[in-house]
Amino acid sequence: MPDSQPQPSDATADSGALLLCGARLTDGRTVDVRLGGGRIEAVGTAGSLPPHSARIDLTGHLLLPAPAEPHAHGDTALSAETPGPVSYAPADVQRRATEAALLQLGHGATALRCHVRIGDVQGLSTLEAVLGARRALRGLAELTAVAAPRLLTGAAGAEGLAVLRDAMKMGAGVVGGCPDADPDPIGYTERVLEIAAEHGCPVDLHTHGDDPARLARLAAMAGGMRPGVAIGPCAGLARLPRDVAARTADRLAAAGVQVVSLPQGGCAGVEHRGNAPVRLLRAAGVRVAAGSGALRDTVCNPAGRGDPLEAAYLLASQAGMRPSEAYDCVAGAARAVMGLPEVRVEAGFPAELLAVRGTQLAGALSLAYSRIVIHRGRVVARTSAVREYCDSAAAVALELPRQARPDPGP
């Protein structure tokens with residue numbers, strides 16, 4: 001079962017056609033793109049498609065498949081900005097989760113997978129709040145909740161199992177949690193896989209990934225499991241001897257286990273910092289996506305930005321990946337990990353798109369200030385930025401861009 005919850009069919013999606021004019025693709029072509037019924041209807045050279053009343057001029061913009069966010073924490077997001085003790089009242093959690101999702105949508109993420117802590121004092125109230133945010137975002141972005149219980153083994157684990165089963169009935173779309181925090185990590189993983197098999201849903205587990213024997217056992221248990229198993233952020237793999245990490249990566253690849261890295265650092269489920277060895281994992285054949293993790297929370301990252309393009313930028317600038325590979329981690333690979341349909345700027349594919357001012361992908365990753373986000377064939381978010389320079393000889397000589405001020409009139 002993919003992350004996306006049941007949505008209206010294409011026939012009931014936004015049916016009005018929209019023409020995107022003069023967009024630049026990563027292969028250098030300048031094209032017009034016609035959208036309709038939530039999909040890309042046609043792609044042609046600039047000026048070749050019939051004009052339409054609903055059009056957007058994308059001259060000077062790079063048109064990309066929209067990114068997706070495979071690892072967010074909606075229940076704890078933006079809590080660092082709350083004066084005094086953090087409130088986990090459902091209304092407050094729903095407000096924060098909705099605001100965080102809108103921030104990430106503005107960056108370009110039209111689908112989000114949110115890990116939600118269940119059990120303990122809050123019970124299922126935080127999950128109920130995040131599901132409320134999902135309903136509020138319908139038509140703007142697709143949000144899926146990952147149910148993450150604290151304990152699943154021993155005497156305390158019985159209650160965790162019951163809460164987890166209730167969470168799946170309530171509407172969580174993915175089974176998750178943090179085996180590292182359970183006294184019996186292998187037992188925890190076994191129970192998560194059992195619940196996922198019962199409900200036919202994906203698995204997404206938090207782990208530091210510094211125990212190769214435990215990862216090998218997970219791979220053995222998860223091998224061939226559908227619809228899929230993901231783990232992350234796995235920063236501990238980067239601290240293992242290279243030959244040990246390589247053998248572990250081979251086992252994960254053979255089992256089809258996917259890894260969600262967090263290049264921006266910080267995650268509410270794992271205290272350790274750092275990033276997974278993405279190049280080693282990809283070389284072994286592991287599908288690697290990149291997420292944002294904590295977004296300005298009280299525990300892990302008080303300054304998180306939740307920007308997929310920043311995650312891709314860090315993979316390119318610090319992990320040595322090519323810009324196209326780095327962007328795939330937050331777009332194509334992220335959507336695949338989440339079980340969502342592939343997106344290409346070609347006829348027949350879903351109209352999940354991001355237009356960024358710029359002409360080259362490398363530049364877009366570092367200077368993506370202006371963005372237009374398209375979900376199910378319609379514009380759902382715009383961000384515009386203007387750079388100005390003061391009057392100077394250099395500015396005049398180099399013809400640096402300036403914004404003309406409107407005449408205030410008399």
# chains A, B, ... in the order shown; residues from 1 in each chain; ligands from 1
>>> residues_around(residues="range 179-189 of chain A", least_positions_apart="2", cutoff="6 Å", atoms="only C-alpha atoms", output="ChimeraX atom specification")
/A:151-152,191-192
>>> residues_around(residues="Leu19 in chain A", least_positions_apart="4", cutoff="12 Å", atoms="only C-alpha atoms", output="VMD selection string")
chain A and resid 23 31 to 36 39 to 44 46 to 58 351 374 377 to 379
>>> write_last_selection(atoms="C-alpha atoms", output="PDB file, in the first residue's frame")
ATOM      1  CA  ALA A  23      10.064  26.019 -18.977  1.00  0.00           C
ATOM      2  CA  VAL A  31       9.313  23.377 -23.575  1.00  0.00           C
ATOM      3  CA  ASP A  32       5.636  24.040 -23.039  1.00  0.00           C
ATOM      4  CA  VAL A  33       3.784  21.598 -20.796  1.00  0.00           C
ATOM      5  CA  ARG A  34       0.016  21.122 -20.722  1.00  0.00           C
ATOM      6  CA  LEU A  35      -1.586  19.745 -17.561  1.00  0.00           C
ATOM      7  CA  GLY A  36      -5.082  18.350 -17.143  1.00  0.00           C
ATOM      8  CA  ARG A  39      -1.579  14.562 -15.096  1.00  0.00           C
ATOM      9  CA  ILE A  40       0.808  15.849 -17.740  1.00  0.00           C
ATOM     10  CA  GLU A  41      -1.139  15.772 -21.017  1.00  0.00           C
ATOM     11  CA  ALA A  42       1.513  16.957 -23.443  1.00  0.00           C
ATOM     12  CA  VAL A  43       5.075  18.264 -23.655  1.00  0.00           C
ATOM     13  CA  GLY A  44       6.226  20.147 -26.752  1.00  0.00           C
ATOM     14  CA  ALA A  46       8.170  26.187 -26.752  1.00  0.00           C
ATOM     15  CA  GLY A  47       5.260  27.677 -28.668  1.00  0.00           C
ATOM     16  CA  SER A  48       4.145  24.372 -30.202  1.00  0.00           C
ATOM     17  CA  LEU A  49       1.123  23.683 -27.955  1.00  0.00           C
ATOM     18  CA  PRO A  50      -2.172  25.496 -28.543  1.00  0.00           C
ATOM     19  CA  PRO A  51      -2.591  28.570 -26.326  1.00  0.00           C
ATOM     20  CA  HIS A  52      -4.859  28.284 -23.326  1.00  0.00           C
ATOM     21  CA  SER A  53      -6.558  30.839 -21.121  1.00  0.00           C
ATOM     22  CA  ALA A  54      -4.942  29.354 -18.012  1.00  0.00           C
ATOM     23  CA  ARG A  55      -1.215  29.704 -18.502  1.00  0.00           C
ATOM     24  CA  ILE A  56       1.921  30.384 -16.485  1.00  0.00           C
ATOM     25  CA  ASP A  57       5.032  31.849 -18.032  1.00  0.00           C
ATOM     26  CA  LEU A  58       7.974  29.831 -16.723  1.00  0.00           C
ATOM     27  CA  ALA A 351       1.459  16.503 -12.561  1.00  0.00           C
ATOM     28  CA  ILE A 374       2.197  22.117  -8.589  1.00  0.00           C
ATOM     29  CA  GLY A 377      -2.134  19.676 -11.892  1.00  0.00           C
ATOM     30  CA  ARG A 378      -2.708  22.968 -10.111  1.00  0.00           C
ATOM     31  CA  VAL A 379      -0.495  25.559  -8.470  1.00  0.00           C
TER      32      VAL A 379
END
>>> closest_residue(among="A:Ala385, A:Ala219, A:Ala347, A:Leu280", to="Leu240 in chain A", atoms="only C-alpha atoms")
A:Leu280
>>> residues_around(residues="Leu103 in chain A", least_positions_apart="3", cutoff="12 Å", atoms="only C-alpha atoms", output="ChimeraX atom specification")
/A:69,72,74,77-78,96-100,106-110,112,137,140-141,295-296,304-308,373,380-383
>>> write_last_selection(atoms="N, CA, C and O atoms", output="tab-separated table (two decimals), in the first residue's frame")
chain	number	residue	atom	x	y	z
A	69	GLU	N	8.79	14.41	0.86
A	69	GLU	CA	9.44	14.39	2.17
A	69	GLU	C	9.21	13.03	2.83
A	69	GLU	O	8.13	12.76	3.33
A	72	ALA	N	9.51	13.19	8.11
A	72	ALA	CA	9.18	14.39	8.87
A	72	ALA	C	8.64	13.98	10.24
A	72	ALA	O	8.29	12.81	10.47
A	74	GLY	N	5.81	15.60	12.27
A	74	GLY	CA	4.79	16.62	12.38
A	74	GLY	C	4.35	16.90	13.80
A	74	GLY	O	3.97	18.03	14.12
A	77	ALA	N	7.18	19.15	15.36
A	77	ALA	CA	7.66	20.27	14.56
A	77	ALA	C	7.26	21.61	15.17
A	77	ALA	O	6.18	21.75	15.76
A	78	LEU	N	8.16	22.58	15.05
A	78	LEU	CA	7.94	23.97	15.47
A	78	LEU	C	7.73	24.11	16.97
A	78	LEU	O	7.33	25.18	17.45
A	96	ARG	N	0.51	22.81	14.66
A	96	ARG	CA	1.93	22.76	14.33
A	96	ARG	C	2.20	21.84	13.14
A	96	ARG	O	3.00	22.16	12.25
A	97	ALA	N	1.54	20.68	13.13
A	97	ALA	CA	1.75	19.73	12.04
A	97	ALA	C	1.29	20.31	10.71
A	97	ALA	O	1.94	20.13	9.68
A	98	THR	N	0.17	21.02	10.73
A	98	THR	CA	-0.34	21.64	9.50
A	98	THR	C	0.59	22.74	9.02
A	98	THR	O	0.93	22.82	7.83
A	99	GLU	N	1.03	23.58	9.94
A	99	GLU	CA	1.94	24.68	9.58
A	99	GLU	C	3.25	24.13	9.03
A	99	GLU	O	3.78	24.63	8.03
A	100	ALA	N	3.78	23.09	9.68
A	100	ALA	CA	5.04	22.50	9.21
A	100	ALA	C	4.88	21.92	7.81
A	100	ALA	O	5.76	22.08	6.96
A	106	GLY	N	5.65	24.62	0.61
A	106	GLY	CA	6.19	25.81	-0.03
A	106	GLY	C	7.58	25.59	-0.59
A	106	GLY	O	7.96	26.20	-1.59
A	107	HIS	N	8.33	24.68	0.03
A	107	HIS	CA	9.65	24.32	-0.49
A	107	HIS	C	9.54	23.40	-1.70
A	107	HIS	O	10.51	23.23	-2.44
A	108	GLY	N	8.39	22.75	-1.87
A	108	GLY	CA	8.20	21.89	-3.04
A	108	GLY	C	7.71	20.49	-2.76
A	108	GLY	O	7.37	19.76	-3.68
A	109	ALA	N	7.67	20.06	-1.49
A	109	ALA	CA	7.29	18.70	-1.16
A	109	ALA	C	5.78	18.54	-1.21
A	109	ALA	O	5.07	19.02	-0.33
A	110	THR	N	5.27	17.84	-2.23
A	110	THR	CA	3.82	17.66	-2.37
A	110	THR	C	3.32	16.39	-1.69
A	110	THR	O	2.12	16.13	-1.69
A	112	LEU	N	4.24	13.96	2.00
A	112	LEU	CA	5.03	13.91	3.22
A	112	LEU	C	4.70	12.65	4.00
A	112	LEU	O	3.54	12.23	4.08
A	137	LEU	N	-5.12	19.36	4.86
A	137	LEU	CA	-4.22	19.59	3.73
A	137	LEU	C	-4.72	18.96	2.43
A	137	LEU	O	-4.06	19.09	1.40
A	140	LEU	N	-3.98	20.05	-1.20
A	140	LEU	CA	-2.73	20.81	-1.24
A	140	LEU	C	-1.52	19.89	-1.24
A	140	LEU	O	-0.56	20.10	-1.97
A	141	ALA	N	-1.56	18.87	-0.40
A	141	ALA	CA	-0.44	17.93	-0.29
A	141	ALA	C	-0.98	16.63	0.29
A	141	ALA	O	-2.04	16.59	0.91
A	295	LEU	N	12.12	19.46	12.51
A	295	LEU	CA	11.90	20.81	11.99
A	295	LEU	C	11.64	21.75	13.16
A	295	LEU	O	10.53	21.86	13.68
A	296	ARG	N	12.71	22.37	13.63
A	296	ARG	CA	12.65	23.34	14.72
A	296	ARG	C	11.91	22.78	15.94
A	296	ARG	O	10.92	23.35	16.40
A	304	GLY	N	15.88	23.59	12.08
A	304	GLY	CA	15.63	22.83	10.86
A	304	GLY	C	14.81	23.63	9.87
A	304	GLY	O	13.94	24.42	10.24
A	305	ARG	N	15.06	23.41	8.58
A	305	ARG	CA	14.36	24.15	7.54
A	305	ARG	C	13.35	23.32	6.79
A	305	ARG	O	12.47	23.86	6.13
A	306	GLY	N	13.45	22.00	6.84
A	306	GLY	CA	12.48	21.17	6.15
A	306	GLY	C	12.46	21.37	4.66
A	306	GLY	O	11.42	21.20	4.01
A	307	ASP	N	13.61	21.69	4.07
A	307	ASP	CA	13.69	22.00	2.64
A	307	ASP	C	14.36	20.85	1.89
A	307	ASP	O	15.55	20.60	2.07
A	308	PRO	N	13.63	20.14	1.03
A	308	PRO	CA	14.25	19.04	0.28
A	308	PRO	C	15.44	19.48	-0.57
A	308	PRO	O	16.41	18.74	-0.73
A	373	VAL	N	5.00	25.57	-6.96
A	373	VAL	CA	4.74	24.16	-6.63
A	373	VAL	C	3.40	23.75	-7.23
A	373	VAL	O	2.39	24.44	-7.05
A	380	VAL	N	-0.24	25.13	-6.09
A	380	VAL	CA	-0.66	25.11	-4.70
A	380	VAL	C	0.21	25.98	-3.80
A	380	VAL	O	-0.15	26.24	-2.66
A	381	ALA	N	1.36	26.44	-4.30
A	381	ALA	CA	2.22	27.31	-3.50
A	381	ALA	C	3.15	28.08	-4.42
A	381	ALA	O	3.59	27.57	-5.45
A	382	ARG	N	3.43	29.31	-4.02
A	382	ARG	CA	4.39	30.15	-4.73
A	382	ARG	C	5.29	30.83	-3.71
A	382	ARG	O	4.82	31.28	-2.67
A	383	THR	N	6.57	30.91	-4.03
A	383	THR	CA	7.52	31.67	-3.23
A	383	THR	C	8.32	32.54	-4.19
A	383	THR	O	8.90	32.03	-5.15
>>> closest_residue(among="A:Thr298, A:Ala145, A:Leu262, A:Cys329", to="Ser79 in chain A", atoms="only C-alpha atoms")
A:Thr298
>>> closest_residue(among="A:Ala235, A:Val288, A:Gly37, A:Pro67", to="Glu342 in chain A", atoms="only C-alpha atoms")
A:Pro67
>>> residues_around(residues="Met225 in chain A", least_positions_apart="5", cutoff="9 Å", atoms="only C-alpha atoms", output="PyMOL selection string")
chain A and resi 193+197+202+255-257
>>> closest_residue(among="A:Gly119, A:Gly139, A:Gly228, A:Gly132", to="Arg165 in chain A", atoms="only C-alpha atoms")
A:Gly119
>>> select_by_dssp(residues="range 141-249 of chain A", states="alpha helix (DSSP H)", output="PyMOL selection string")
chain A and resi 154-170+185-199+212-222+242-249
>>> closest_residue(among="A:Leu124, A:Ala283, A:Ala368, A:Ile195", to="Val163 in chain A", atoms="only C-alpha atoms")
A:Leu124
>>> closest_residue(among="A:Gly28, A:Pro277, A:Gly265, A:Gly285", to="Cys300 in chain A", atoms="only C-alpha atoms")
A:Gly265
>>> residues_around(residues="Arg282 in chain A", least_positions_apart="6", cutoff="12 Å", atoms="only C-alpha atoms", output="number ranges by chain")
A: 246, 249-250, 252-253, 257-261, 276, 288-289, 319, 321, 325-326, 328-329, 333
>>> write_last_selection(atoms="N, CA and C atoms", output="compact mmCIF listing (two decimals), in the first residue's frame")
# COMPACT_ATOMS: atom_id res chain seq x y z
N ALA A 246 30.33 -2.05 4.03
CA ALA A 246 30.05 -2.51 2.67
C ALA A 246 29.31 -3.84 2.68
N ALA A 249 25.79 -3.14 3.71
CA ALA A 249 25.04 -2.54 2.60
C ALA A 249 24.63 -3.60 1.59
N ASP A 250 25.51 -4.55 1.32
CA ASP A 250 25.16 -5.63 0.39
C ASP A 250 23.97 -6.43 0.89
N LEU A 252 21.58 -5.35 2.94
CA LEU A 252 20.38 -4.52 2.83
C LEU A 252 19.88 -4.48 1.39
N ALA A 253 20.81 -4.36 0.46
CA ALA A 253 20.42 -4.31 -0.96
C ALA A 253 19.77 -5.61 -1.39
N VAL A 257 15.87 -3.65 1.40
CA VAL A 257 15.66 -2.66 2.45
C VAL A 257 16.17 -1.31 1.97
N GLN A 258 15.35 -0.28 2.10
CA GLN A 258 15.69 1.06 1.64
C GLN A 258 16.17 1.91 2.82
N VAL A 259 16.97 2.92 2.52
CA VAL A 259 17.52 3.78 3.57
C VAL A 259 17.10 5.22 3.32
N VAL A 260 16.60 5.87 4.37
CA VAL A 260 16.27 7.30 4.32
C VAL A 260 17.30 8.04 5.15
N SER A 261 18.16 8.79 4.49
CA SER A 261 19.20 9.55 5.17
C SER A 261 18.67 10.92 5.56
N ALA A 276 24.16 9.06 6.83
CA ALA A 276 24.47 7.72 6.33
C ALA A 276 25.50 7.82 5.19
N VAL A 288 18.43 4.86 -1.83
CA VAL A 288 18.65 5.85 -0.78
C VAL A 288 17.83 7.10 -1.07
N ALA A 289 16.99 7.47 -0.12
CA ALA A 289 16.24 8.72 -0.19
C ALA A 289 16.81 9.66 0.87
N ALA A 319 28.56 15.15 0.46
CA ALA A 319 28.67 13.71 0.24
C ALA A 319 29.25 13.35 -1.12
N MET A 321 28.03 13.76 -4.19
CA MET A 321 27.13 13.26 -5.21
C MET A 321 26.96 14.28 -6.32
N GLU A 325 22.05 13.14 -9.03
CA GLU A 325 21.90 12.05 -8.07
C GLU A 325 21.32 12.58 -6.75
N ALA A 326 21.84 13.72 -6.32
CA ALA A 326 21.37 14.30 -5.06
C ALA A 326 19.89 14.66 -5.14
N ASP A 328 17.67 13.33 -7.10
CA ASP A 328 16.88 12.10 -7.16
C ASP A 328 16.60 11.57 -5.76
N CYS A 329 17.52 11.77 -4.82
CA CYS A 329 17.31 11.28 -3.45
C CYS A 329 16.11 11.95 -2.78
N ALA A 333 13.72 8.91 -5.77
CA ALA A 333 13.93 7.87 -4.76
C ALA A 333 13.01 8.06 -3.57
>>> select_by_dssp(residues="range 254-320 of chain A", states="strand (DSSP E)", output="list in words")
Gln258, Val259, Val260, Ser261, Val288, Ala289 and Ala290 of chain A
>>> residues_around(residues="Val244 in chain A", least_positions_apart="4", cutoff="12 Å", atoms="only C-alpha atoms", output="NGL selection string")
:A and (209-213 or 215-216 or 236-240 or 248-251 or 280)
>>> residues_around(residues="Asp27 in chain A", least_positions_apart="3", cutoff="12 Å", atoms="only C-alpha atoms", output="list of chain:residue names")
A:Ala23, A:Arg24, A:Thr30, A:Val31, A:Leu62, A:Leu63, A:Leu64, A:Ser324, A:Val345, A:Thr359, A:Gln360, A:Leu361
>>> write_last_selection(atoms="N, CA, C and O atoms", output="PDB file, in the first residue's frame")
ATOM      1  N   ALA A  23       9.296  26.604 -20.080  1.00  0.00           N
ATOM      2  CA  ALA A  23      10.064  26.019 -18.977  1.00  0.00           C
ATOM      3  C   ALA A  23      11.328  25.350 -19.508  1.00  0.00           C
ATOM      4  O   ALA A  23      11.329  24.774 -20.603  1.00  0.00           O
ATOM      5  N   ARG A  24      12.366  25.407 -18.736  1.00  0.00           N
ATOM      6  CA  ARG A  24      13.614  24.741 -19.111  1.00  0.00           C
ATOM      7  C   ARG A  24      13.698  23.407 -18.380  1.00  0.00           C
ATOM      8  O   ARG A  24      13.382  23.334 -17.187  1.00  0.00           O
ATOM      9  N   THR A  30      13.872  23.781 -23.907  1.00  0.00           N
ATOM     10  CA  THR A  30      12.854  24.718 -23.450  1.00  0.00           C
ATOM     11  C   THR A  30      11.522  24.260 -24.024  1.00  0.00           C
ATOM     12  O   THR A  30      11.387  24.091 -25.239  1.00  0.00           O
ATOM     13  N   VAL A  31      10.548  24.037 -23.150  1.00  0.00           N
ATOM     14  CA  VAL A  31       9.313  23.377 -23.575  1.00  0.00           C
ATOM     15  C   VAL A  31       8.083  24.082 -23.012  1.00  0.00           C
ATOM     16  O   VAL A  31       8.163  24.882 -22.081  1.00  0.00           O
ATOM     17  N   LEU A  62      13.526  26.462 -14.106  1.00  0.00           N
ATOM     18  CA  LEU A  62      13.836  25.056 -14.328  1.00  0.00           C
ATOM     19  C   LEU A  62      12.662  24.236 -13.816  1.00  0.00           C
ATOM     20  O   LEU A  62      12.222  24.422 -12.675  1.00  0.00           O
ATOM     21  N   LEU A  63      12.112  23.346 -14.647  1.00  0.00           N
ATOM     22  CA  LEU A  63      10.948  22.542 -14.267  1.00  0.00           C
ATOM     23  C   LEU A  63      11.411  21.142 -13.893  1.00  0.00           C
ATOM     24  O   LEU A  63      12.068  20.453 -14.685  1.00  0.00           O
ATOM     25  N   LEU A  64      11.046  20.720 -12.680  1.00  0.00           N
ATOM     26  CA  LEU A  64      11.513  19.451 -12.118  1.00  0.00           C
ATOM     27  C   LEU A  64      10.341  18.632 -11.592  1.00  0.00           C
ATOM     28  O   LEU A  64       9.289  19.186 -11.241  1.00  0.00           O
ATOM     29  N   SER A 324      22.379  15.747 -10.052  1.00  0.00           N
ATOM     30  CA  SER A 324      21.235  14.937 -10.492  1.00  0.00           C
ATOM     31  C   SER A 324      20.983  13.779  -9.535  1.00  0.00           C
ATOM     32  O   SER A 324      19.832  13.439  -9.240  1.00  0.00           O
ATOM     33  N   VAL A 345       8.841  14.676 -16.405  1.00  0.00           N
ATOM     34  CA  VAL A 345       8.202  15.742 -17.181  1.00  0.00           C
ATOM     35  C   VAL A 345       7.962  15.199 -18.578  1.00  0.00           C
ATOM     36  O   VAL A 345       8.598  15.565 -19.560  1.00  0.00           O
ATOM     37  N   THR A 359      18.605  28.019 -14.418  1.00  0.00           N
ATOM     38  CA  THR A 359      18.770  27.318 -15.688  1.00  0.00           C
ATOM     39  C   THR A 359      19.477  25.978 -15.546  1.00  0.00           C
ATOM     40  O   THR A 359      19.391  25.142 -16.432  1.00  0.00           O
ATOM     41  N   GLN A 360      20.187  25.774 -14.440  1.00  0.00           N
ATOM     42  CA  GLN A 360      20.924  24.534 -14.224  1.00  0.00           C
ATOM     43  C   GLN A 360      20.565  23.967 -12.859  1.00  0.00           C
ATOM     44  O   GLN A 360      20.303  24.712 -11.909  1.00  0.00           O
ATOM     45  N   LEU A 361      20.572  22.643 -12.747  1.00  0.00           N
ATOM     46  CA  LEU A 361      20.189  22.005 -11.493  1.00  0.00           C
ATOM     47  C   LEU A 361      21.152  22.372 -10.367  1.00  0.00           C
ATOM     48  O   LEU A 361      20.713  22.627  -9.238  1.00  0.00           O
TER      49      LEU A 361
END
>>> closest_atom_pairs(of="range 201-251 of chain A", to="range 166-178 of chain A", cutoff="9 Å", atoms="only C-alpha atoms", output="Markdown table")
| residue | atom | partner | partner_atom | distance |
| --- | --- | --- | --- | --- |
| A:Cys201 | CA | A:Val174 | CA | 5.7 |
| A:Pro202 | CA | A:Val174 | CA | 5.1 |
| A:Val203 | CA | A:Val175 | CA | 4.9 |
| A:Asp204 | CA | A:Gly176 | CA | 4.8 |
| A:Leu205 | CA | A:Gly176 | CA | 4.8 |
| A:His206 | CA | A:Cys178 | CA | 4.6 |
| A:Thr207 | CA | A:Cys178 | CA | 6.1 |
